[in-house]
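Novice: Handing over start-v6.cif, mmCIF, C-alpha atoms.
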```cif
data_my_file
loop_
_atom_site.label_atom_id
_atom_site.label_comp_id
_atom_site.auth_asym_id
_atom_site.auth_seq_id
_atom_site.Cartn_x
_atom_site.Cartn_y
_atom_site.Cartn_z
CA MET S 65 121.37 113.32 72.67
CA ALA S 66 120.81 109.56 72.54
CA GLU S 67 117.57 108.33 70.95
CA LEU S 68 114.96 107.22 73.48
CA THR S 69 113.62 103.69 73.52
CA PRO S 70 109.84 103.23 73.02
CA MET S 71 109.46 102.32 76.70
CA LYS S 72 111.32 105.44 77.85
CA ARG S 73 109.18 107.59 75.56
CA GLN S 74 106.12 105.99 77.10
CA TYR S 75 107.48 106.75 80.57
CA ASN S 76 108.23 110.36 79.65
CA ASP S 77 104.72 110.85 78.24
CA LEU S 78 103.12 109.54 81.43
CA LYS S 79 105.47 111.56 83.60
CA ALA S 80 104.55 114.70 81.65
CA GLN S 81 100.91 114.10 82.60
CA HIS S 82 101.84 113.99 86.30
CA PRO S 83 104.84 116.31 86.72
CA ASP S 84 104.19 116.92 90.43
CA CYS S 85 104.19 113.19 91.30
CA LEU S 86 106.77 110.47 91.73
CA LEU S 87 105.84 108.00 88.99
CA PHE S 88 105.86 104.31 89.98
CA PHE S 89 106.20 102.69 86.54
CA ARG S 90 105.28 98.99 86.48
CA LEU S 91 107.87 96.76 84.82
CA GLY S 92 107.16 93.09 85.44
CA ASP S 93 107.42 92.43 89.18
CA PHE S 94 108.79 95.88 90.00
CA TYR S 95 107.79 99.52 90.07
CA GLU S 96 110.65 101.44 88.50
CA MET S 97 111.51 105.13 88.73
CA PHE S 98 113.77 107.05 86.38
CA ASP S 99 115.66 110.33 86.17
CA GLU S 100 114.93 112.85 88.96
CA ASP S 101 112.19 110.64 90.40
CA ALA S 102 114.77 107.88 90.85
CA LYS S 103 117.21 110.21 92.60
CA THR S 104 114.50 111.46 94.95
CA ALA S 105 113.16 108.00 95.76
CA ALA S 106 116.64 106.56 96.26
CA GLU S 107 117.47 109.30 98.77
CA GLU S 108 114.17 109.19 100.66
CA LEU S 109 113.80 105.39 100.74
CA ASN S 110 117.49 104.41 101.02
CA LEU S 111 117.37 102.56 97.71
CA THR S 112 120.31 101.79 95.46
CA LEU S 113 120.52 104.14 92.50
CA THR S 114 121.56 102.27 89.36
CA THR S 115 121.40 102.48 85.55
CA ARG S 116 121.09 100.28 82.47
CA ASP S 117 123.38 102.53 80.44
CA ARG S 118 126.71 101.50 81.88
CA ASN S 119 128.28 101.46 78.42
CA LYS S 120 127.44 105.16 77.90
CA PRO S 121 129.28 108.23 79.19
CA GLU S 122 128.23 109.12 82.73
CA ASP S 123 126.40 112.31 81.70
CA GLN S 124 124.22 110.29 79.28
CA ARG S 125 123.17 107.56 81.71
CA THR S 126 119.59 107.33 82.95
CA PRO S 127 119.43 106.92 86.75
CA MET S 128 116.88 104.42 87.95
CA CYS S 129 115.74 102.52 91.04
CA GLY S 130 112.85 100.23 91.86
CA VAL S 131 110.81 98.42 94.50
CA PRO S 132 108.99 95.04 94.31
CA TYR S 133 105.32 95.56 93.48
CA HIS S 134 104.16 93.18 96.24
CA SER S 135 105.80 95.34 98.94
CA ALA S 136 105.31 98.73 97.32
CA GLU S 137 102.65 99.90 99.80
CA GLY S 138 105.18 100.46 102.57
CA TYR S 139 107.48 102.48 100.30
CA ILE S 140 104.58 104.53 98.98
CA ALA S 141 103.36 105.25 102.52
CA ARG S 142 106.79 106.54 103.52
CA LEU S 143 106.84 108.90 100.55
CA ILE S 144 103.31 110.14 101.28
CA ALA S 145 104.29 110.72 104.91
CA LYS S 146 107.11 112.97 103.69
CA GLY S 147 104.73 115.04 101.60
CA TYR S 148 105.20 113.53 98.14
CA LYS S 149 102.48 112.56 95.69
CA VAL S 150 102.78 109.15 94.03
CA ALA S 151 101.28 108.21 90.65
CA ILE S 152 100.82 104.46 90.15
CA CYS S 153 101.32 103.32 86.55
CA GLU S 154 100.16 99.77 85.79
CA GLN S 155 100.37 97.48 82.79
CA THR S 156 96.88 97.47 81.30
CA GLU S 157 97.37 94.43 79.10
CA ASP S 158 98.98 91.03 79.49
CA PRO S 159 102.65 91.30 78.44
CA ALA S 160 102.40 87.80 76.94
CA GLN S 161 99.58 88.98 74.64
CA ALA S 162 101.06 92.37 73.80
CA LYS S 163 102.25 93.05 70.28
CA GLY S 164 105.16 95.38 70.80
CA LEU S 165 105.18 97.81 73.70
CA VAL S 166 102.94 96.88 76.65
CA GLU S 167 100.19 99.41 77.20
CA ARG S 168 100.39 101.27 80.50
CA GLU S 169 98.41 104.01 82.20
CA VAL S 170 98.29 105.80 85.54
CA ILE S 171 95.45 104.19 87.46
CA ARG S 172 95.55 106.35 90.57
CA VAL S 173 97.38 109.18 92.29
CA ILE S 174 98.00 108.79 96.02
CA THR S 175 98.23 111.79 98.34
CA ARG S 176 97.63 112.37 102.03
CA GLN S 177 94.85 114.88 101.42
CA LEU S 178 91.96 112.48 102.17
CA MET S 179 92.50 112.63 105.92
CA PHE S 180 93.53 116.26 106.29
CA TYR S 181 90.90 117.67 103.94
CA LEU S 182 87.96 115.36 104.57
CA THR S 183 87.82 112.98 107.53
CA ILE S 184 89.45 115.23 110.18
CA PRO S 185 87.29 118.30 109.34
CA ALA S 186 84.22 116.05 109.33
CA ALA S 187 85.14 114.67 112.77
CA LEU S 188 85.58 118.22 114.10
CA ILE S 189 82.23 119.38 112.74
CA VAL S 190 80.33 116.40 114.18
CA ASN S 191 81.87 116.70 117.66
CA PHE S 192 81.52 120.48 117.85
CA SER S 193 77.85 120.16 116.88
CA LYS S 194 77.20 118.06 120.00
CA ILE S 195 78.37 120.81 122.39
CA GLN S 196 75.57 122.98 123.79
CA GLU S 197 77.66 125.84 125.22
CA MET S 198 81.20 127.11 124.69
CA SER S 199 83.31 127.53 127.83
CA ALA S 200 85.93 130.29 128.05
CA GLN S 201 88.34 127.67 129.39
CA MET S 202 88.51 126.13 125.93
CA PHE S 203 90.30 129.20 124.60
CA TRP S 204 92.95 128.76 127.29
CA VAL S 205 93.42 125.23 126.00
CA ALA S 206 94.26 126.73 122.59
CA VAL S 207 96.77 129.08 124.22
CA PHE S 208 98.32 126.11 126.01
CA GLY S 209 98.72 124.33 122.66
CA MET S 210 100.53 127.34 121.25
CA VAL S 211 102.78 127.76 124.30
CA GLY S 212 103.60 124.04 124.36
CA ASN S 213 104.69 124.15 120.74
CA ALA S 214 106.78 127.28 121.31
CA ALA S 215 108.43 125.65 124.35
CA MET S 216 109.47 122.64 122.27
CA LEU S 217 111.01 124.96 119.68
CA CYS S 218 112.94 126.90 122.33
CA ILE S 219 114.27 123.66 123.82
CA GLY S 220 115.32 122.61 120.34
CA PHE S 221 117.38 125.78 119.82
CA VAL S 222 119.18 125.10 123.10
CA LEU S 223 119.90 121.46 122.23
CA VAL S 224 121.38 122.15 118.78
CA ARG S 225 123.79 124.90 119.79
CA GLY S 226 127.14 124.36 118.13
CA TRP S 227 125.82 121.86 115.56
CA PRO S 228 126.35 122.25 111.79
CA ARG S 229 123.61 124.29 110.07
CA LYS S 230 122.09 121.43 108.04
CA ARG S 231 121.90 119.21 111.11
CA LYS S 232 120.26 122.03 113.07
CA LEU S 233 117.62 122.44 110.37
CA LEU S 234 116.83 118.71 110.38
CA TYR S 235 116.33 118.49 114.13
CA LEU S 236 114.47 121.79 114.53
CA PHE S 237 112.03 120.98 111.73
CA SER S 238 111.37 117.56 113.29
CA LEU S 239 110.94 118.69 116.91
CA PRO S 240 107.95 121.08 117.16
CA GLY S 241 104.37 120.19 116.36
CA TYR S 242 101.96 117.64 117.80
CA GLY S 243 100.24 114.99 115.66
CA ILE S 244 96.81 115.90 117.03
CA GLY S 245 94.57 115.71 113.99
CA ALA S 246 96.20 112.68 112.42
CA PHE S 247 96.48 110.39 115.42
CA THR S 248 95.49 111.80 118.83
CA LEU S 249 92.05 112.82 117.63
CA SER S 250 91.32 109.34 116.35
CA PHE S 251 91.87 107.84 119.83
CA VAL S 252 89.94 110.59 121.57
CA GLN S 253 87.12 110.26 119.06
CA SER S 254 86.82 106.57 119.88
CA PHE S 255 86.98 106.70 123.70
CA LEU S 256 86.01 110.16 125.04
CA SER S 257 82.90 112.31 124.97
CA PRO S 258 82.31 115.10 122.44
CA LEU S 259 83.60 117.59 125.03
CA GLY S 260 86.93 115.74 125.13
CA ASN S 261 87.09 115.90 121.35
CA VAL S 262 86.46 119.65 121.38
CA ALA S 263 89.16 120.20 124.03
CA VAL S 264 91.65 118.35 121.86
CA CYS S 265 90.56 120.40 118.84
CA PHE S 266 91.18 123.66 120.69
CA PHE S 267 94.64 122.46 121.70
CA ASP S 268 95.27 121.68 118.04
CA MET S 269 94.19 125.18 117.01
CA GLY S 270 96.97 126.67 119.09
CA ASN S 271 99.31 123.97 117.81
CA CYS S 272 98.36 124.73 114.18
CA ILE S 273 99.14 128.43 114.48
CA LEU S 274 102.79 127.54 115.00
CA CYS S 275 103.27 124.23 113.18
CA SER S 276 101.32 125.34 110.08
CA GLY S 277 103.89 127.96 109.16
CA ALA S 278 105.15 129.99 112.10
CA CYS S 279 107.72 127.43 113.30
CA TYR S 280 109.03 127.02 109.77
CA ALA S 281 109.42 130.78 109.33
CA ILE S 282 111.13 131.20 112.71
CA ILE S 283 113.61 128.39 112.06
CA VAL S 284 114.45 129.57 108.55
CA GLU S 285 114.88 133.16 109.72
CA ALA S 286 117.04 132.19 112.71
CA LEU S 287 119.35 129.96 110.65
CA SER S 288 119.27 131.84 107.35
CA GLU S 289 122.62 132.81 105.90
CA GLU S 290 120.93 135.88 104.37
CA ARG S 291 118.25 137.04 106.76
CA LYS S 292 115.34 138.75 105.02
CA GLY S 293 112.80 138.80 107.81
CA ILE S 294 109.89 136.50 108.66
CA ASP S 295 107.44 136.02 105.80
CA PHE S 296 104.11 136.66 107.54
CA LYS S 297 102.29 136.37 104.21
CA ALA S 298 103.56 132.79 103.78
CA ILE S 299 102.52 131.94 107.35
CA GLY S 300 99.04 133.32 106.74
CA LYS S 301 98.71 131.38 103.51
CA ARG S 302 99.62 128.13 105.27
CA LEU S 303 97.10 128.77 108.02
CA LEU S 304 94.32 129.67 105.58
CA THR S 305 94.86 126.41 103.67
CA SER S 306 94.69 124.20 106.78
CA ALA S 307 91.29 122.53 106.49
CA PRO S 308 91.21 121.17 110.10
CA LEU S 309 92.08 124.61 111.51
CA LEU S 310 89.46 126.35 109.36
CA ALA S 311 86.83 123.76 110.34
CA GLY S 312 87.58 124.28 114.03
CA VAL S 313 87.44 128.08 113.76
CA PHE S 314 84.20 127.89 111.75
CA MET S 315 82.50 125.65 114.31
CA THR S 316 83.77 127.81 117.19
CA VAL S 317 82.14 130.88 115.63
CA LEU S 318 78.87 128.99 115.20
CA LEU S 319 78.99 127.88 118.84
CA VAL S 320 79.63 131.39 120.11
CA LEU S 321 76.76 132.71 117.98
CA GLY S 322 74.48 129.87 119.04
CA VAL S 323 73.96 128.68 115.47
CA LYS S 324 73.29 124.98 114.85
CA LEU S 325 73.99 123.12 111.62
CA PRO S 326 70.96 121.45 110.00
CA GLU S 327 70.49 117.85 111.05
CA PHE S 328 70.64 116.54 107.48
CA VAL S 329 74.13 118.06 107.09
CA LEU S 330 75.36 116.21 110.18
CA THR S 331 73.74 113.00 108.92
CA LEU S 332 75.70 113.29 105.66
CA ILE S 333 78.98 114.08 107.43
CA GLN S 334 78.72 111.44 110.17
CA PRO S 335 79.95 108.44 108.07
CA ILE S 336 82.97 110.46 106.93
CA ALA S 337 83.76 111.41 110.53
CA ASN S 338 83.42 107.77 111.61
CA ALA S 339 86.05 106.81 109.04
CA ASN S 340 88.72 109.02 110.64
CA PRO S 341 89.93 106.55 113.33
CA PHE S 342 90.11 103.73 110.77
CA ILE S 343 92.09 105.78 108.25
CA SER S 344 94.35 107.11 111.02
CA MET S 345 95.28 103.61 112.11
CA ILE S 346 95.98 102.56 108.52
CA MET S 347 98.26 105.54 108.08
CA LEU S 348 100.02 104.87 111.37
CA GLY S 349 100.68 101.27 110.37
CA LEU S 350 101.89 102.15 106.88
CA PHE S 351 104.07 105.07 107.93
CA PHE S 352 105.76 103.28 110.84
CA HIS S 353 109.35 102.63 109.87
CA ILE S 354 112.32 101.66 112.03
CA GLU S 355 115.76 102.46 110.69
CA LEU S 356 118.64 101.44 112.96
CA LYS S 357 121.74 103.11 111.63
CA LYS S 358 124.90 103.13 113.72
CA GLU S 359 125.26 106.90 113.45
CA TYR S 360 121.70 107.41 114.67
CA LEU S 361 122.18 105.07 117.62
CA GLY S 362 125.40 106.86 118.48
CA GLU S 363 123.60 110.20 118.62
CA ILE S 364 120.82 108.78 120.80
CA ALA S 365 123.33 107.26 123.19
#
```
Show me the file's structure as structure tokens.

Specialist:
Amino acid sequence: MAELTPMKRQYNDLKAQHPDCLLFFRLGDFYEMFDEDAKTAAEELNLTLTTRDRNKPEDQRTPMCGVPYHSAEGYIARLIAKGYKVAICEQTEDPAQAKGLVEREVIRVITRQLMFYLTIPAALIVNFSKIQEMSAQMFWVAVFGMVGNAAMLCIGFVLVRGWPRKRKLLYLFSLPGYGIGAFTLSFVQSFLSPLGNVAVCFFDMGNCILCSGACYAIIVEALSEERKGIDFKAIGKRLLTSAPLLAGVFMTVLLVLGVKLPEFVLTLIQPIANANPFISMIMLGLFFHIELKKEYLGEIA
């Protein structure tokens, strides 16, 4: 095995500290990625995969790719939108003043958990707390959310008949599910009354039951080459780790029981809830990406 350079050893040490993240390693005016991180980023971001070891045998080359640091936010947002964690590694000293290897450290880790585990649940709690009485019609709204999601999945199975298996998986995973918590709720929160917010939340409860695990299990089971049955345990685990769903269920129980949260709790949560529309719009702007490939346009036509 070829001896590692000091910089590559530094990269490996930092990567070992954040094994579950894609490491954006600052090198001058670029963030570089190496090894498996480079392969993943190149595939997800349509980057060119290259190497500096062209004089070595192919099996000894280190794959790498990079993005300019001044435009990295858009690339990072696209990775976060696809479920990846990104660790940002910066140069912590001036390269011109460095004696030997430039010192670097990971200054932050970026995930999408802020919205889904903090601002959305806070928005749900605040709006539910403003409702005086729970109507039975709200539960039908939740059923409608579940049925609407199931209908989209059924339509998807009809549309992809006769397609190759991998292409079926791509389209079926992309079709069901409504972006209620991330985007719809932020608009409703800004323009409608608390009752409108609660109605949207109940729709999202029904939506979550399917899109937080059930749709995935159904698709995998239907298209599996070795069918083993639907994993209800995995579905339950996904549902029980959905903070917005748990917050909605918790507040529904309190409403049915006639229990009110203390006012000081709502006062503490209110600023976090108010931040939800702002963060949603930032995410929407960062995640928006248009990719006009001829093969995609052909399929749409």

Novice: Let me know the residues the PyMOL selection byres ((chain S and resi 321-325) around 12) catches in the file above, as a PDB file with C-alpha atoms, keeping the file's coordinate frame.

Specialist:
```pdb
ATOM      1  CA  ILE S 189      82.230 119.380 112.740  1.00  0.00           C
ATOM      2  CA  VAL S 190      80.330 116.400 114.180  1.00  0.00           C
ATOM      3  CA  ASN S 191      81.870 116.700 117.660  1.00  0.00           C
ATOM      4  CA  PHE S 192      81.520 120.480 117.850  1.00  0.00           C
ATOM      5  CA  SER S 193      77.850 120.160 116.880  1.00  0.00           C
ATOM      6  CA  LYS S 194      77.200 118.060 120.000  1.00  0.00           C
ATOM      7  CA  ILE S 195      78.370 120.810 122.390  1.00  0.00           C
ATOM      8  CA  GLN S 196      75.570 122.980 123.790  1.00  0.00           C
ATOM      9  CA  GLU S 197      77.660 125.840 125.220  1.00  0.00           C
ATOM     10  CA  MET S 198      81.200 127.110 124.690  1.00  0.00           C
ATOM     11  CA  PHE S 314      84.200 127.890 111.750  1.00  0.00           C
ATOM     12  CA  MET S 315      82.500 125.650 114.310  1.00  0.00           C
ATOM     13  CA  THR S 316      83.770 127.810 117.190  1.00  0.00           C
ATOM     14  CA  VAL S 317      82.140 130.880 115.630  1.00  0.00           C
ATOM     15  CA  LEU S 318      78.870 128.990 115.200  1.00  0.00           C
ATOM     16  CA  LEU S 319      78.990 127.880 118.840  1.00  0.00           C
ATOM     17  CA  VAL S 320      79.630 131.390 120.110  1.00  0.00           C
ATOM     18  CA  PRO S 326      70.960 121.450 110.000  1.00  0.00           C
ATOM     19  CA  GLU S 327      70.490 117.850 111.050  1.00  0.00           C
ATOM     20  CA  PHE S 328      70.640 116.540 107.480  1.00  0.00           C
ATOM     21  CA  VAL S 329      74.130 118.060 107.090  1.00  0.00           C
ATOM     22  CA  LEU S 330      75.360 116.210 110.180  1.00  0.00           C
ATOM     23  CA  THR S 331      73.740 113.000 108.920  1.00  0.00           C
ATOM     24  CA  LEU S 332      75.700 113.290 105.660  1.00  0.00           C
ATOM     25  CA  ILE S 333      78.980 114.080 107.430  1.00  0.00           C
TER      26      ILE S 333
END
```

Novice: Give me the residues within 12 Å of S:Asp77 as a compact mmCIF listing (two decimals) with C-alpha atoms, in the frame of the given file, counting all atoms listed in the file and dropping any in the same chain fewer than 6 places off.

Specialist:
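Writing the result to selection_4.txt gives the following:
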```txt
# COMPACT_ATOMS: atom_id res chain seq x y z
CA LEU S 68 114.96 107.22 73.48
CA PRO S 70 109.84 103.23 73.02
CA MET S 71 109.46 102.32 76.70
CA PRO S 83 104.84 116.31 86.72
CA LEU S 87 105.84 108.00 88.99
CA PHE S 89 106.20 102.69 86.54
CA CYS S 153 101.32 103.32 86.55
CA ARG S 168 100.39 101.27 80.50
CA GLU S 169 98.41 104.01 82.20
CA VAL S 170 98.29 105.80 85.54
```

Novice: Enumerate, as a PyMOL selection string, the residues matched when the PyMOL selection byres ((chain S and resi 86) around 10) is run on the file above.

Specialist: chain S and resi 79+82-85+87-89+97-98+100-102+104-105+140+143+148-152+173-174

Novice: Can you find the residues with an atom no farther than 12 Å from (111.8, 125.2, 120.7), counting only C-alpha atoms, and report them as an MDAnalysis selection string?

Specialist: chainID S and resid 210:224 232 235:241 274:275 278:280 282:283 286

Novice: Determine the nearest neighbour of S:Ala311 from the options S:Thr175, S:Gln334, S:Thr183, S:Ser199, counting all atoms listed in the file.

Specialist: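 Checking each candidate against S:Ala311, we get S:Thr183 as the closest.
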
Novice: Need to verify the contact set: S:Glu157, 12 Å, only C-alpha atoms, exclusion of same-chain residues closer than 6 positions in sequence. Can you return it as JSON, numbers by chain?

Specialist: {"S": [90, 92, 163, 164, 165, 166, 167, 168, 169]}

Novice: Just the number, please: distance in Å from atom CA of S:Pro185 to atom CA of S:Pro308, one decimal.

Specialist: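 So the answer is 4.9 Å.
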